[in-house]
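Next comes protein-v2.cif, with mmCIF, C-alpha atoms.
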data_protein
loop_
_atom_site.label_atom_id
_atom_site.label_comp_id
_atom_site.auth_asym_id
_atom_site.auth_seq_id
_atom_site.Cartn_x
_atom_site.Cartn_y
_atom_site.Cartn_z
CA MET A 19 20.35 -4.14 -66.38
CA THR A 20 17.65 -2.39 -64.32
CA ASP A 21 15.99 -3.04 -60.99
CA ALA A 22 12.36 -4.05 -60.33
CA SER A 23 11.15 -0.49 -60.86
CA LEU A 24 11.25 -0.91 -64.65
CA SER A 25 9.08 -4.04 -64.68
CA ALA A 26 6.65 -2.37 -62.25
CA SER A 27 6.32 0.74 -64.40
CA ALA A 28 3.68 1.56 -67.02
CA LYS A 29 4.58 2.59 -70.55
CA ASP A 30 3.70 6.21 -71.40
CA VAL A 31 0.70 6.64 -73.71
CA ALA A 32 0.48 9.49 -76.23
CA THR A 33 -2.20 12.06 -75.38
CA VAL A 34 -1.83 14.30 -78.45
CA THR A 35 -1.05 13.92 -82.15
CA PRO A 36 2.29 15.20 -83.52
CA ASP A 37 0.54 18.52 -84.35
CA GLY A 38 -0.89 18.88 -80.81
CA ARG A 39 -4.49 17.73 -81.27
CA PRO A 40 -5.86 15.71 -78.32
CA LEU A 41 -6.31 11.97 -78.80
CA ALA A 42 -8.85 11.65 -75.96
CA THR A 43 -12.46 10.86 -76.76
CA THR A 44 -14.63 13.94 -76.77
CA ILE A 45 -18.28 14.25 -75.98
CA HIS A 46 -20.60 15.06 -78.89
CA GLY A 47 -21.49 18.76 -78.86
CA VAL A 48 -18.74 19.81 -76.44
CA LYS A 49 -16.62 22.53 -78.02
CA VAL A 50 -13.15 23.44 -76.81
CA ARG A 51 -11.29 26.54 -77.88
CA THR A 52 -7.88 28.08 -77.34
CA THR A 53 -8.28 31.82 -77.86
CA PRO A 54 -5.77 34.23 -79.41
CA HIS A 55 -3.48 35.50 -76.66
CA HIS A 56 -1.31 38.56 -77.21
CA VAL A 57 1.65 39.27 -74.95
CA ASP A 58 4.05 42.21 -74.98
CA HIS A 59 6.11 44.23 -72.50
CA ARG A 60 2.98 46.04 -71.24
CA GLY A 61 0.94 42.96 -70.42
CA THR A 62 -1.49 40.59 -72.11
CA VAL A 63 -4.76 40.55 -74.03
CA PHE A 64 -6.85 37.54 -74.93
CA GLU A 65 -9.96 37.52 -77.06
CA MET A 66 -13.13 36.21 -75.41
CA TYR A 67 -15.82 36.97 -77.97
CA GLU A 68 -15.63 38.10 -81.55
CA GLY A 69 -19.24 37.53 -82.69
CA VAL A 70 -18.35 35.39 -85.68
CA GLY A 71 -17.24 31.84 -86.32
CA ASP A 72 -18.55 28.47 -85.30
CA TYR A 73 -17.73 28.70 -81.58
CA TRP A 74 -20.34 31.42 -80.91
CA ASP A 75 -23.16 29.78 -82.87
CA GLU A 76 -25.81 31.11 -80.46
CA PRO A 77 -26.14 34.75 -79.34
CA VAL A 78 -24.64 36.02 -76.10
CA VAL A 79 -27.69 36.82 -73.92
CA TYR A 80 -26.27 36.69 -70.40
CA ALA A 81 -22.89 36.59 -68.70
CA TYR A 82 -21.61 36.20 -65.17
CA GLN A 83 -18.28 35.68 -63.44
CA PHE A 84 -17.70 32.96 -60.86
CA SER A 85 -14.76 31.61 -58.95
CA VAL A 86 -13.57 28.33 -57.48
CA ARG A 87 -11.35 28.55 -54.43
CA PRO A 88 -8.06 26.60 -54.27
CA ARG A 89 -8.50 22.85 -53.74
CA GLN A 90 -12.30 23.19 -53.97
CA MET A 91 -14.81 21.90 -56.53
CA LYS A 92 -18.19 22.87 -57.94
CA GLY A 93 -20.48 20.27 -59.47
CA TRP A 94 -21.82 17.95 -60.64
CA GLY A 95 -24.29 20.17 -62.44
CA LEU A 96 -26.13 20.16 -65.76
CA HIS A 97 -28.77 22.19 -67.57
CA GLU A 98 -31.87 20.83 -69.28
CA ARG A 99 -32.30 23.63 -71.84
CA LYS A 100 -29.24 25.83 -72.09
CA SER A 101 -25.58 25.38 -72.84
CA ASP A 102 -22.84 26.73 -70.57
CA ARG A 103 -19.94 28.49 -72.28
CA TYR A 104 -17.04 28.91 -69.84
CA THR A 105 -14.06 31.19 -70.35
CA ILE A 106 -11.29 30.96 -67.77
CA ILE A 107 -9.78 34.31 -66.82
CA SER A 108 -7.16 33.19 -64.31
CA GLY A 109 -6.13 30.08 -62.46
CA GLU A 110 -6.33 26.45 -63.49
CA VAL A 111 -9.40 24.23 -63.41
CA LEU A 112 -9.66 20.53 -64.03
CA LEU A 113 -13.06 20.12 -65.69
CA PHE A 114 -14.81 16.74 -65.73
CA LEU A 115 -17.67 16.10 -68.16
CA TYR A 116 -20.10 13.19 -68.47
CA ASP A 117 -22.64 12.70 -71.29
CA ALA A 118 -26.02 11.71 -69.81
CA ARG A 119 -27.97 12.07 -73.10
CA VAL A 120 -29.33 8.62 -74.00
CA ASP A 121 -29.79 9.67 -77.65
CA SER A 122 -26.22 11.00 -77.98
CA PRO A 123 -23.59 9.10 -79.99
CA THR A 124 -21.31 9.58 -76.98
CA HIS A 125 -23.82 8.63 -74.25
CA GLY A 126 -21.92 7.43 -71.19
CA VAL A 127 -18.62 8.97 -72.32
CA SER A 128 -16.65 11.05 -69.85
CA MET A 129 -13.85 13.47 -70.55
CA LYS A 130 -11.37 15.50 -68.59
CA LEU A 131 -10.12 18.90 -69.66
CA VAL A 132 -7.74 21.43 -68.15
CA LEU A 133 -8.83 25.07 -68.47
CA SER A 134 -5.93 27.45 -68.03
CA ASP A 135 -4.70 30.88 -69.03
CA ARG A 136 -1.80 29.01 -70.67
CA GLY A 137 -3.89 26.70 -72.87
CA VAL A 138 -7.53 25.90 -73.45
CA ARG A 139 -9.53 28.91 -72.30
CA GLN A 140 -13.06 28.16 -73.50
CA VAL A 141 -15.42 25.21 -73.42
CA THR A 142 -19.08 24.84 -74.36
CA MET A 143 -21.16 22.20 -72.60
CA PRO A 144 -24.52 21.36 -74.19
CA PRO A 145 -27.67 20.52 -72.22
CA PHE A 146 -27.63 17.21 -70.31
CA VAL A 147 -23.83 17.05 -70.08
CA TRP A 148 -22.82 16.91 -66.42
CA HIS A 149 -19.83 19.06 -65.45
CA LEU A 150 -17.67 19.43 -62.36
CA SER A 151 -14.92 22.03 -61.88
CA VAL A 152 -11.91 21.44 -59.60
CA ASN A 153 -9.44 24.22 -58.84
CA VAL A 154 -6.06 22.48 -58.95
CA GLY A 155 -4.08 25.65 -58.28
CA ASP A 156 -3.18 27.61 -55.16
CA VAL A 157 -5.12 30.79 -56.05
CA ASP A 158 -8.78 31.41 -56.82
CA ALA A 159 -9.74 30.40 -60.37
CA HIS A 160 -11.93 33.01 -62.09
CA LEU A 161 -14.24 32.14 -64.96
CA VAL A 162 -16.92 33.88 -66.99
CA ASN A 163 -19.95 31.95 -68.20
CA PHE A 164 -21.90 33.02 -71.29
CA PRO A 165 -24.89 30.64 -71.07
CA THR A 166 -27.25 30.47 -74.02
CA GLU A 167 -30.22 31.50 -71.83
CA VAL A 168 -30.76 34.00 -69.05
CA TYR A 169 -31.05 32.53 -65.55
CA HIS A 170 -34.72 32.02 -64.65
CA HIS A 171 -35.06 32.60 -60.90
CA ASP A 172 -38.63 31.28 -60.84
CA ALA A 173 -37.72 28.03 -62.65
CA PRO A 174 -33.98 27.26 -62.54
CA ASP A 175 -32.74 25.07 -65.38
CA ARG A 176 -30.15 23.24 -63.31
CA ARG A 177 -29.78 19.76 -61.83
CA LEU A 178 -27.19 18.91 -59.18
CA LEU A 179 -25.49 15.77 -57.88
CA PRO A 180 -22.76 15.34 -55.25
CA TRP A 181 -19.19 15.25 -56.56
CA ASP A 182 -18.85 11.57 -55.63
CA SER A 183 -22.27 10.48 -56.91
CA PRO A 184 -22.42 6.79 -57.92
CA GLU A 185 -24.78 7.81 -60.75
CA ILE A 186 -21.83 9.29 -62.66
CA PRO A 187 -19.17 6.64 -63.39
CA VAL A 188 -16.20 8.99 -63.02
CA ASP A 189 -13.73 8.44 -60.20
CA VAL A 190 -12.94 12.10 -59.60
CA ARG A 191 -10.75 11.24 -56.62
CA ALA A 192 -8.36 9.24 -58.84
CA HIS A 193 -7.63 12.37 -60.89
CA LEU A 194 -7.22 14.86 -58.07
CA PRO A 195 -3.77 16.18 -57.41
CA VAL A 196 -2.12 15.45 -54.12
CA PHE A 197 -2.47 18.63 -52.09
#

Please re-express this file's structure in structure tokens.
Amino acid sequence: MTDASLSASAKDVATVTPDGRPLATTIHGVKVRTTPHHVDHRGTVFEMYEGVGDYWDEPVVYAYQFSVRPRQMKGWGLHERKSDRYTIISGEVLLFLYDARVDSPTHGVSMKLVLSDRGVRQVTMPPFVWHLSVNVGDVDAHLVNFPTEVYHHDAPDRRLLPWDSPEIPVDVRAHLPVF
């Protein structure tokens, strides 16, 4: 016999396969990568770029580091020509994505991804995929971006919307941790 809490509860839903692959819908063209991470008594090393393989299918032409302060967010943003390729260095970021490409097989699909030094470290976001980064930790999150084009100061390739924009059907607030 149980009390009313059992009937009010929701049954857990699997989020990964038995071998650890995510069950969530992914956006066409978004690539996610967990990099090799080596740990020993002296410290750690993780590989960011090895120049071969299908993850780095376009050359590295530009790189910059950025941070997101604790309990802060950056986005929504997208690019019209280039892809962003994020690598998280430290911290934990909840990354929201939304596919705005009308010709995409996943048009209108959204996805949520956690970038962390303990899991998924890299993600590629193709042009016209909106993204928003939320630092869910209590220290600055540090990331490196390897976009597929250099930043053009005279003609920026970036579009912006507020984090709570009604044009993107993602309720970011519903996924935010309680701070």

Fill in: Reference answer for the PyMOL selection byres ((chain A and resi 138-148) around 8), as a VMD selection string
chain A and resid 47 to 53 94 to 107 115 to 119 132 to 137 149 to 150

Discussion item. I'd like the contact shell of Ser108 (chain A) - 9 Å cut-off, all atoms listed in the file, skipping same-chain residues fewer than 6 positions apart - returned as a ChimeraX atom specification.
Written reply: /A:134-135,157-161

Discussion item. Using Å and a single decimal, report how far CA of Met66 (chain A) sits from CA of Pro54 (chain A).
Written reply: 8.6 Å

Worksheet item: So what does the PyMOL selection byres ((chain A and resi 89-92) around 9) actually pick up in this one, as a ChimeraX atom specification?
Response: /A:86-88,93-95,149-157,181,195,197

Practice prompt. Figure out the distance between CA of Thr44 (chain A) and CA of Phe164 (chain A), please, to one decimal in Å.
Written response: 21.1 Å

Worksheet item: What separation in Å, quoted to one decimal, exists between CA of Asn163 (chain A) and CA of Phe84 (chain A)?
Response: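 The value is 7.7 Å.
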
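You can rank A:Ala26, A:Leu178, A:Ala173, A:Leu131 by their closest distance to Glu110 (chain A) using only C-alpha atoms, and at the top of that list sits A:Leu131.
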
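Considering the residues A:Arg177, A:Tyr169, A:Pro77, A:Met129 and counting all atoms listed in the file, Asp189 (chain A) has its shortest atom-to-atom contact with A:Met129.
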
Practice prompt. Within 6 Å of (-25.2, 32.8, -72.9) (coordinates as in the file), grab all the protein and nucleic acid residues, counting all atoms listed in the file, and write them out as JSON, numbers by chain.
Written response: {"A": [78, 79, 80, 164, 165, 166, 167]}

Discussion item. Here is a test: counting all atoms listed in the file, which residue of A:Tyr67, A:Gly126, A:Lys29, A:Leu24 is nearest to Ala81 (chain A)?
Written reply: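 Of the candidates, the smallest distance to Ala81 (chain A) is held by A:Tyr67.
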
Can you take the partial region 26-47 of chain A, add N, CA, C and O atoms, and return it as a tab-separated table (two decimals), keeping the file's coordinate frame?
chain	number	residue	atom	x	y	z
A	26	ALA	N	7.86	-2.83	-62.93
A	26	ALA	CA	6.65	-2.37	-62.25
A	26	ALA	C	6.04	-1.13	-62.89
A	26	ALA	O	4.93	-0.74	-62.57
A	27	SER	N	6.78	-0.52	-63.81
A	27	SER	CA	6.32	0.74	-64.40
A	27	SER	C	5.32	0.51	-65.53
A	27	SER	O	5.20	-0.59	-66.06
A	28	ALA	N	4.61	1.59	-65.90
A	28	ALA	CA	3.68	1.56	-67.02
A	28	ALA	C	4.27	2.37	-68.17
A	28	ALA	O	4.89	3.41	-67.95
A	29	LYS	N	4.08	1.89	-69.38
A	29	LYS	CA	4.58	2.59	-70.55
A	29	LYS	C	3.74	3.84	-70.78
A	29	LYS	O	2.52	3.82	-70.63
A	30	ASP	N	4.38	4.95	-71.11
A	30	ASP	CA	3.70	6.21	-71.40
A	30	ASP	C	2.80	6.02	-72.62
A	30	ASP	O	3.14	5.28	-73.54
A	31	VAL	N	1.66	6.69	-72.61
A	31	VAL	CA	0.70	6.64	-73.71
A	31	VAL	C	0.57	8.05	-74.27
A	31	VAL	O	0.41	9.01	-73.51
A	32	ALA	N	0.62	8.18	-75.59
A	32	ALA	CA	0.48	9.49	-76.23
A	32	ALA	C	-0.89	10.07	-75.92
A	32	ALA	O	-1.91	9.37	-75.91
A	33	THR	N	-0.94	11.37	-75.65
A	33	THR	CA	-2.20	12.06	-75.38
A	33	THR	C	-2.56	13.06	-76.46
A	33	THR	O	-3.68	13.55	-76.50
A	34	VAL	N	-1.59	13.37	-77.34
A	34	VAL	CA	-1.83	14.30	-78.45
A	34	VAL	C	-1.18	13.76	-79.72
A	34	VAL	O	-0.28	12.95	-79.66
A	35	THR	N	-1.65	14.25	-80.87
A	35	THR	CA	-1.05	13.92	-82.15
A	35	THR	C	0.24	14.72	-82.31
A	35	THR	O	0.49	15.65	-81.53
A	36	PRO	N	1.06	14.41	-83.32
A	36	PRO	CA	2.29	15.20	-83.52
A	36	PRO	C	2.03	16.70	-83.70
A	36	PRO	O	2.88	17.52	-83.36
A	37	ASP	N	0.83	17.09	-84.19
A	37	ASP	CA	0.54	18.52	-84.35
A	37	ASP	C	-0.23	19.10	-83.16
A	37	ASP	O	-0.73	20.22	-83.22
A	38	GLY	N	-0.33	18.35	-82.05
A	38	GLY	CA	-0.89	18.88	-80.81
A	38	GLY	C	-2.37	18.68	-80.58
A	38	GLY	O	-2.92	19.14	-79.59
A	39	ARG	N	-3.06	17.97	-81.49
A	39	ARG	CA	-4.49	17.73	-81.27
A	39	ARG	C	-4.69	16.59	-80.27
A	39	ARG	O	-4.02	15.57	-80.35
A	40	PRO	N	-5.64	16.76	-79.33
A	40	PRO	CA	-5.86	15.71	-78.32
A	40	PRO	C	-6.34	14.39	-78.93
A	40	PRO	O	-7.10	14.39	-79.89
A	41	LEU	N	-5.88	13.30	-78.37
A	41	LEU	CA	-6.31	11.97	-78.80
A	41	LEU	C	-7.48	11.46	-77.96
A	41	LEU	O	-8.10	10.47	-78.33
A	42	ALA	N	-7.78	12.10	-76.86
A	42	ALA	CA	-8.85	11.65	-75.96
A	42	ALA	C	-10.21	11.73	-76.64
A	42	ALA	O	-10.45	12.60	-77.50
A	43	THR	N	-11.09	10.83	-76.26
A	43	THR	CA	-12.46	10.86	-76.76
A	43	THR	C	-13.14	12.13	-76.28
A	43	THR	O	-12.99	12.52	-75.13
A	44	THR	N	-13.87	12.75	-77.15
A	44	THR	CA	-14.63	13.94	-76.77
A	44	THR	C	-16.11	13.64	-76.80
A	44	THR	O	-16.56	12.73	-77.49
A	45	ILE	N	-16.84	14.40	-76.06
A	45	ILE	CA	-18.28	14.25	-75.98
A	45	ILE	C	-18.93	15.05	-77.11
A	45	ILE	O	-18.56	16.20	-77.36
A	46	HIS	N	-19.89	14.42	-77.79
A	46	HIS	CA	-20.60	15.06	-78.89
A	46	HIS	C	-21.22	16.38	-78.44
A	46	HIS	O	-21.92	16.43	-77.43
A	47	GLY	N	-20.93	17.44	-79.17
A	47	GLY	CA	-21.49	18.76	-78.86
A	47	GLY	C	-20.64	19.61	-77.95
A	47	GLY	O	-20.90	20.81	-77.82
